[in-house]
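Chemist: Contents of entry.txt (compact mmCIF, C-alpha atoms and all ligand atoms) are below:
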# COMPACT_ATOMS: atom_id res chain seq x y z
CA MET A 191 0.00 0.00 0.00
CA ASN A 192 1.30 3.46 -0.88
CA LEU A 193 1.03 6.15 1.78
CA ALA A 194 -0.04 9.62 0.69
CA PRO A 195 2.96 11.95 0.75
CA ARG A 196 3.00 14.57 3.52
CA ARG A 197 2.18 18.05 2.21
CA PHE A 198 4.19 21.04 3.35
CA PRO A 199 3.02 24.50 2.31
CA LEU A 200 5.59 26.25 4.53
CA PRO A 201 9.26 26.51 3.50
CA GLU A 202 10.56 25.93 7.04
CA ASP A 203 8.58 22.66 7.38
CA PHE A 204 9.89 21.41 4.05
CA ARG A 205 13.46 22.33 5.04
CA ARG A 206 13.04 20.50 8.35
CA ALA A 207 11.63 17.33 6.74
CA CYS A 208 14.59 17.09 4.33
CA GLY A 209 17.05 17.86 7.14
CA ASP A 210 15.48 15.19 9.39
CA ALA A 211 15.83 12.58 6.65
CA ARG A 212 19.51 13.47 6.19
CA SER A 213 20.17 13.43 9.93
CA GLN A 214 18.91 9.82 9.97
CA GLY A 215 21.49 8.99 7.32
CA THR A 216 18.97 8.93 4.46
CA ARG A 217 19.83 10.35 1.05
CA VAL A 218 17.38 12.96 -0.25
CA ALA A 219 16.20 13.01 -3.88
CA PHE A 220 14.32 16.06 -5.11
CA VAL A 221 12.05 16.56 -8.13
CA PRO A 222 11.04 20.20 -8.68
CA THR A 223 7.83 20.57 -10.74
CA MET A 224 5.07 23.04 -11.52
CA GLY A 225 2.38 20.37 -11.03
CA ALA A 226 -0.16 19.22 -13.66
CA LEU A 227 1.73 15.98 -13.32
CA HIS A 228 1.87 13.43 -16.13
CA GLU A 229 3.78 10.19 -16.74
CA GLY A 230 6.89 12.21 -17.60
CA HIS A 231 6.99 13.71 -14.10
CA LEU A 232 6.14 10.38 -12.48
CA ALA A 233 9.09 8.77 -14.29
CA LEU A 234 11.32 11.41 -12.63
CA VAL A 235 9.82 10.55 -9.23
CA ARG A 236 10.36 6.82 -9.78
CA ASP A 237 13.95 7.55 -10.81
CA ALA A 238 14.32 9.59 -7.60
CA ARG A 239 12.88 6.67 -5.59
CA ALA A 240 15.49 4.32 -7.05
CA ARG A 241 18.29 6.70 -6.03
CA ALA A 242 17.37 7.75 -2.49
CA GLY A 243 15.55 6.76 0.66
CA PHE A 244 13.62 10.05 0.91
CA VAL A 245 11.87 11.58 -2.10
CA ALA A 246 10.70 15.18 -2.11
CA VAL A 247 8.66 16.79 -4.88
CA SER A 248 7.84 20.48 -5.15
CA ILE A 249 4.73 21.77 -6.89
CA PHE A 250 4.92 25.49 -7.50
CA VAL A 251 3.78 27.45 -10.55
CA ASN A 252 6.61 29.95 -10.43
CA PRO A 253 5.38 33.41 -11.48
CA THR A 254 8.84 34.83 -12.29
CA GLN A 255 9.46 32.41 -15.16
CA PHE A 256 6.35 33.47 -17.12
CA GLY A 257 6.35 36.48 -19.43
CA PRO A 258 3.47 39.00 -19.30
CA ASP A 259 1.77 37.41 -22.35
CA GLU A 260 2.36 33.82 -21.27
CA ASP A 261 0.05 31.28 -19.65
CA PHE A 262 0.74 31.83 -15.91
CA SER A 263 -2.91 32.40 -14.97
CA ARG A 264 -4.29 29.53 -17.05
CA TYR A 265 -1.47 27.05 -16.27
CA PRO A 266 -3.27 23.85 -15.12
CA ARG A 267 -3.40 23.48 -11.31
CA ASP A 268 -4.89 20.47 -9.47
CA LEU A 269 -2.96 19.81 -6.27
CA ASP A 270 -5.19 16.99 -4.97
CA ALA A 271 -4.93 15.03 -8.22
CA ASP A 272 -1.16 15.60 -8.29
CA VAL A 273 -0.73 14.34 -4.71
CA THR A 274 -2.72 11.19 -5.53
CA LYS A 275 -0.42 10.49 -8.48
CA LEU A 276 2.63 11.10 -6.32
CA SER A 277 1.57 8.51 -3.74
CA THR A 278 1.68 5.76 -6.36
CA ALA A 279 5.00 7.00 -7.75
CA GLY A 280 6.60 6.88 -4.29
CA ALA A 281 7.07 10.48 -3.07
CA ASP A 282 7.48 11.00 0.67
CA VAL A 283 6.76 14.73 0.83
CA VAL A 284 5.27 17.40 -1.40
CA PHE A 285 6.30 21.02 -0.99
CA CYS A 286 3.45 23.19 -2.26
CA PRO A 287 4.09 26.80 -1.18
CA GLU A 288 2.05 29.92 -1.84
CA PRO A 289 3.82 32.53 -4.02
CA GLN A 290 4.23 34.94 -1.08
CA SER A 291 6.26 32.29 0.82
CA MET A 292 8.77 32.09 -2.02
CA TYR A 293 8.86 35.78 -2.95
CA ALA A 294 8.78 38.23 -0.05
CA PRO A 295 7.46 41.70 -0.98
CA ASP A 296 10.91 43.26 -0.36
CA GLU A 297 13.00 40.57 -2.10
CA ARG A 298 15.79 41.87 -4.36
CA THR A 299 17.65 38.79 -5.59
CA ARG A 300 17.71 37.15 -9.01
CA VAL A 301 20.00 34.39 -10.29
CA HIS A 302 21.19 34.89 -13.85
CA VAL A 303 23.31 32.30 -15.66
CA THR A 304 24.82 34.31 -18.48
CA GLY A 305 25.27 33.20 -22.07
CA LEU A 306 23.51 29.86 -21.90
CA ASP A 307 20.21 31.74 -21.58
CA GLU A 308 20.65 33.64 -24.87
CA PRO A 309 20.05 31.10 -27.69
CA LEU A 310 17.02 28.87 -28.31
CA CYS A 311 14.12 29.66 -25.93
CA GLY A 312 16.12 32.48 -24.34
CA ALA A 313 15.66 34.57 -27.48
CA PHE A 314 11.87 34.17 -27.32
CA ARG A 315 11.21 34.16 -23.57
CA PRO A 316 13.17 37.06 -22.04
CA GLY A 317 13.64 36.60 -18.29
CA HIS A 318 12.34 33.02 -18.33
CA PHE A 319 15.60 31.32 -17.36
CA GLU A 320 16.38 33.94 -14.75
CA GLY A 321 13.04 33.08 -13.14
CA VAL A 322 13.84 29.35 -13.33
CA ALA A 323 17.38 29.75 -11.93
CA THR A 324 16.08 31.97 -9.12
CA ILE A 325 13.32 29.63 -7.97
CA VAL A 326 15.47 26.51 -8.30
CA THR A 327 18.21 28.15 -6.20
CA LYS A 328 15.62 28.87 -3.49
CA LEU A 329 14.24 25.32 -3.71
CA PHE A 330 17.74 23.83 -3.49
CA GLY A 331 18.40 26.08 -0.48
CA LEU A 332 15.39 24.55 1.26
CA ALA A 333 15.92 20.93 0.16
CA GLY A 334 19.63 21.02 1.09
CA PRO A 335 22.19 18.48 -0.16
CA CYS A 336 20.39 16.14 -2.52
CA VAL A 337 20.22 14.51 -5.92
CA ALA A 338 17.81 16.47 -8.15
CA ILE A 339 16.16 14.95 -11.21
CA PHE A 340 15.20 17.02 -14.29
CA GLY A 341 13.74 15.94 -17.62
CA LYS A 342 15.74 16.35 -20.83
CA LYS A 343 12.71 17.83 -22.58
CA ASP A 344 13.64 21.18 -21.02
CA TYR A 345 17.18 20.69 -22.25
CA GLN A 346 18.24 24.34 -22.06
CA GLN A 347 16.89 24.57 -18.50
CA LEU A 348 18.92 21.48 -17.60
CA ALA A 349 22.11 22.94 -19.12
CA ILE A 350 21.58 26.21 -17.24
CA LEU A 351 20.89 24.50 -13.93
CA ARG A 352 23.96 22.26 -14.27
CA ARG A 353 26.11 25.37 -14.87
CA MET A 354 24.44 27.17 -11.95
CA VAL A 355 25.06 24.30 -9.52
CA THR A 356 28.73 24.15 -10.57
CA ASP A 357 29.29 27.92 -10.46
CA LEU A 358 27.49 28.45 -7.14
CA MET A 359 29.05 25.28 -5.64
CA LEU A 360 25.65 24.01 -4.55
CA PRO A 361 25.64 20.59 -2.83
CA VAL A 362 23.30 19.12 -5.44
CA GLU A 363 23.88 16.32 -7.93
CA ILE A 364 21.88 16.95 -11.08
CA VAL A 365 20.53 13.91 -12.93
CA ALA A 366 19.06 14.16 -16.43
CA HIS A 367 16.12 11.90 -17.24
CA ALA A 368 15.27 10.85 -20.81
CA ILE A 369 12.25 12.48 -22.48
CA VAL A 370 9.09 10.44 -21.89
CA ARG A 371 6.93 10.19 -25.00
CA GLU A 372 3.39 9.12 -25.76
CA ALA A 373 3.08 5.89 -27.80
CA ASP A 374 2.84 7.99 -31.00
CA GLY A 375 6.01 9.97 -30.21
CA LEU A 376 4.58 13.22 -28.77
CA ALA A 377 6.83 14.36 -25.89
CA MET A 378 4.84 14.51 -22.65
CA SER A 379 4.19 18.04 -21.42
CA SER A 380 1.68 19.68 -19.10
CA ARG A 381 0.93 22.06 -21.98
CA ASN A 382 -0.28 19.17 -24.19
CA ALA A 383 -3.54 19.54 -22.23
CA TYR A 384 -4.16 22.80 -24.12
CA LEU A 385 -4.08 21.08 -27.55
CA SER A 386 -7.29 20.44 -29.50
CA ALA A 387 -7.48 16.99 -31.13
CA THR A 388 -6.47 18.54 -34.47
CA ASP A 389 -3.55 20.46 -32.98
CA ARG A 390 -2.39 17.37 -31.10
CA ALA A 391 -2.31 15.40 -34.38
CA ARG A 392 -0.40 18.25 -36.06
CA ALA A 393 2.06 18.37 -33.14
CA LEU A 394 3.37 14.91 -34.08
CA ALA A 395 5.39 16.77 -36.73
CA LEU A 396 7.85 17.62 -33.93
CA SER A 397 8.88 14.05 -33.16
CA ARG A 398 8.68 13.15 -36.89
CA GLY A 399 11.04 16.00 -37.73
CA LEU A 400 13.48 15.02 -34.98
CA SER A 401 13.34 11.41 -36.15
CA ARG A 402 14.31 12.56 -39.65
CA ALA A 403 17.31 14.29 -38.08
CA HIS A 404 18.15 11.14 -36.13
CA ARG A 405 17.94 8.96 -39.27
CA ALA A 406 20.07 11.38 -41.30
CA PHE A 407 22.72 11.51 -38.55
CA SER A 408 22.70 7.70 -38.28
CA SER A 409 23.26 7.52 -42.05
CA GLY A 410 26.33 9.74 -41.75
CA GLU A 411 24.99 13.29 -42.29
CA ARG A 412 27.08 15.76 -40.27
CA GLU A 413 26.19 19.18 -41.74
CA ALA A 414 24.06 21.13 -39.25
CA VAL A 415 22.27 23.15 -41.99
CA VAL A 416 21.16 19.97 -43.74
CA ILE A 417 19.81 18.49 -40.52
CA GLU A 418 18.11 21.77 -39.59
CA SER A 419 16.35 21.99 -42.94
CA LEU A 420 15.11 18.38 -42.74
CA VAL A 421 13.48 19.16 -39.38
CA ARG A 422 12.23 22.59 -40.47
CA ASP A 423 10.56 21.17 -43.61
CA GLU A 424 8.68 18.57 -41.58
CA VAL A 425 7.60 20.99 -38.84
CA ALA A 426 6.73 23.88 -41.19
CA ALA A 427 4.16 21.69 -42.94
CA SER A 428 2.12 21.42 -39.70
CA ALA A 429 2.97 24.20 -37.23
CA ASP A 430 1.32 27.63 -37.22
CA ARG A 431 4.61 29.31 -36.34
CA ILE A 432 8.18 28.17 -35.76
CA ASP A 433 10.28 29.98 -33.14
CA TYR A 434 13.41 28.05 -33.97
CA VAL A 435 14.87 24.84 -35.30
CA SER A 436 18.52 24.76 -34.22
CA VAL A 437 21.45 22.38 -34.15
CA VAL A 438 23.81 23.42 -31.35
CA ASP A 439 26.64 22.05 -29.25
CA ALA A 440 25.01 19.86 -26.60
CA ASP A 441 27.07 21.43 -23.76
CA SER A 442 27.68 25.09 -24.66
CA LEU A 443 24.47 25.47 -26.76
CA ALA A 444 26.58 27.40 -29.31
CA SER A 445 25.79 26.98 -33.03
CA VAL A 446 27.70 24.28 -34.83
CA GLY A 447 28.54 23.96 -38.53
CA ARG A 448 29.73 20.40 -38.74
CA ILE A 449 28.73 17.93 -36.05
CA SER A 450 31.52 15.81 -34.64
CA ASP A 451 30.20 13.14 -32.30
CA ARG A 452 27.22 14.74 -30.55
CA ALA A 453 24.83 17.69 -31.02
CA LEU A 454 21.47 18.92 -29.76
CA VAL A 455 18.65 19.42 -32.27
CA ALA A 456 16.05 21.63 -30.58
CA VAL A 457 12.70 22.89 -31.84
CA ALA A 458 10.09 25.31 -30.54
CA CYS A 459 6.90 26.06 -32.43
CA HIS A 460 3.25 26.94 -32.04
CA PHE A 461 0.12 24.89 -32.71
CA GLY A 462 -2.87 27.15 -32.25
CA LYS A 463 -2.25 29.03 -28.98
CA THR A 464 0.09 26.36 -27.62
CA ARG A 465 3.87 26.64 -27.74
CA LEU A 466 5.65 23.28 -27.66
CA ILE A 467 9.33 22.37 -27.46
CA ASP A 468 11.11 19.12 -28.22
CA ASN A 469 14.65 17.94 -28.85
CA VAL A 470 16.98 15.06 -29.48
CA VAL A 471 20.68 14.75 -28.74
CA LEU A 472 22.22 13.18 -31.84
CA GLY A 473 24.91 10.68 -30.91
CA GLU A 474 23.30 10.08 -27.51
CA ASP A 475 19.48 9.67 -27.56
CA PRO A 476 17.36 7.00 -29.24
CA ALA A 477 15.09 7.98 -32.15
CA PRO A 478 12.11 10.02 -30.91
CA THR A 479 9.38 8.11 -32.79
CA PRO A 480 8.40 4.48 -32.54
CA GLY A 481 9.46 2.23 -35.42
O1 LIG B 1 10.60 22.43 -15.34
C1 LIG B 1 9.79 22.97 -14.54
O2 LIG B 1 8.72 22.41 -14.26
C2 LIG B 1 10.12 24.31 -13.92
O3 LIG B 1 10.80 25.13 -14.82
C3 LIG B 1 10.88 24.19 -12.59
C4 LIG B 1 12.24 23.53 -12.79
C5 LIG B 1 10.07 23.37 -11.60
C6 LIG B 1 11.12 25.58 -11.99
O4 LIG B 1 9.91 26.24 -11.75
With the file now loaded, output its structure as structure tokens.
Ligand code: PAF
Modeler:
Amino acid sequence: MNLAPRRFPLPEDFRRACGDARSQGTRVAFVPTMGALHEGHLALVRDARARAGFVAVSIFVNPTQFGPDEDFSRYPRDLDADVTKLSTAGADVVFCPEPQSMYAPDERTRVHVTGLDEPLCGAFRPGHFEGVATIVTKLFGLAGPCVAIFGKKDYQQLAILRRMVTDLMLPVEIVAHAIVREADGLAMSSRNAYLSATDRARALALSRGLSRAHRAFSSGEREAVVIESLVRDEVAASADRIDYVSVVDADSLASVGRISDRALVAVACHFGKTRLIDNVVLGEDPAPTPG
């Protein structure tokens, strides 16, 4: 029988629960989320469970990472349903603060990881990664020394948080978890809930495009422009608008001309009112579509 995880709305209670676990010699694993949990999140929690004796999950729709025209107010929120899912996945505690507990009215601090936040989504979502780095720093401060699991779907976020943990010497081990996809290849995302049936079908162009890139790379193609145009052609036929299709160095996120052994292919585009992202690391990840 799975016990429901304990809920902590207050930062000091969450900090204490993680500290108590550590003082009993138990390793803490932490999965930060914004809720609206799906199988992709639950895979992170199960990964956390396999790595540590105490599993903490945060659910917080972080206002500072949304732009003024983005979906902060309509972002799906259902704490009770999320907590039920977390009991079966094996979480011990859920930290679910109110915004005023995380951002005091007189707060003055932001965390900015320079450079890595400029390409890809950074060019289209000004301030987004600063909001992410700031809230994750606060969450890590509360969770304390731990292993933290993040999905590779938000690849740029992962790269930024890795850099941040190294530069700020935070006592956190970052683990990257493979993208979890639906049976037809669509990468799982809380924002998929916004898609109409037609837009969802059109959105399969993302994983199809990335699979074309994967096939071309496997057949020996190494020119980034060729790979980019294969993906762009596939996505352009279905998306309403493309923000970017880019082939970049998988560590520095800088543009590459010729791929040596490994490169990130990342895409962001719009289907109706929904912006979706997806990616594959050539030379590292399996093909994004079945078959
Ligand atoms: O990936 C997310 O869900 C969010 O960006 C995160 C890391 C929980 C910070 O709010």
Chemist: With distances taken over all atoms listed in the file, which of A:Leu269, A:Val365, A:Leu420, A:Val370 is nearest to Arg197 in chain A?
Modeler: A:Leu269
Chemist: Set the cut-off to 10 Å, count all atoms listed in the file, and list whatever residues fall near ligand LIG 1 (chain B) as a PyMOL selection string.
Modeler: chain A and resi 221-227+231+247-256+318-319+321-327+329+339-345+347-348+351+379-380
Chemist: Considering all atoms listed in the file, state which residue in the set A:Thr304, A:Thr356, A:Thr216, A:Gln346 is at the smallest distance from Ala458 in chain A.
Modeler: A:Gln346
Chemist: Please check which residues have atoms at most 12 Å from (17.5, 11.6, 5.1) in the file's coordinates, counting only C-alpha atoms, and write them as a list in words.
Modeler: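 Answer for this query, in the requested form: Arg205, Arg206, Ala207, Cys208, Gly209, Asp210, Ala211, Arg212, Ser213, Gln214, Gly215, Thr216, Arg217, Val218, Ala219, Phe220, Ala242, Gly243, Phe244, Val245, Ala246, Asp282, Val283, Ala333, Gly334, Pro335, Cys336 and Val337 of chain A.
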Chemist: Nearest to Asp389 in chain A: which of A:Asp374, A:Glu288, A:Asp430, A:Glu413 is it, counting all atoms listed in the file?
Modeler: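 Among the listed residues, the smallest separation from Asp389 in chain A belongs to A:Asp430.
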Chemist: With all atoms listed in the file as the atoms that count, which of A:Ser409, A:Ser428, A:Asn382, A:Thr278 lies nearest to Arg465 in chain A?
Modeler: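 When distances to Arg465 in chain A are compared using all atoms listed in the file, the smallest one comes from A:Asn382.
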Chemist: Which residue is closest to Ser397 in chain A? Choose from A:Asp451, A:Asp357, A:Asp468, A:Asp423 and count all atoms listed in the file.
Modeler: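 When distances to Ser397 in chain A are compared using all atoms listed in the file, the smallest one comes from A:Asp468.
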Chemist: Please compute the CA of Pro266 in chain A-CA of Tyr384 in chain A distance, one decimal, in Å.
Modeler: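 Separation between CA of Pro266 in chain A and CA of Tyr384 in chain A: 9.1 Å.
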Chemist: Which residues are near Gly399 in chain A? Cut-off 8 Å, only C-alpha atoms, ignore same chain within fewer than 3 positions. Put them as a list in words.
Modeler: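 Close residues of Gly399 in chain A: Ala395, Leu396, Arg402, Ala403, Leu420, Val421, Arg422, Asp423, Glu424 and Val425 of chain A.
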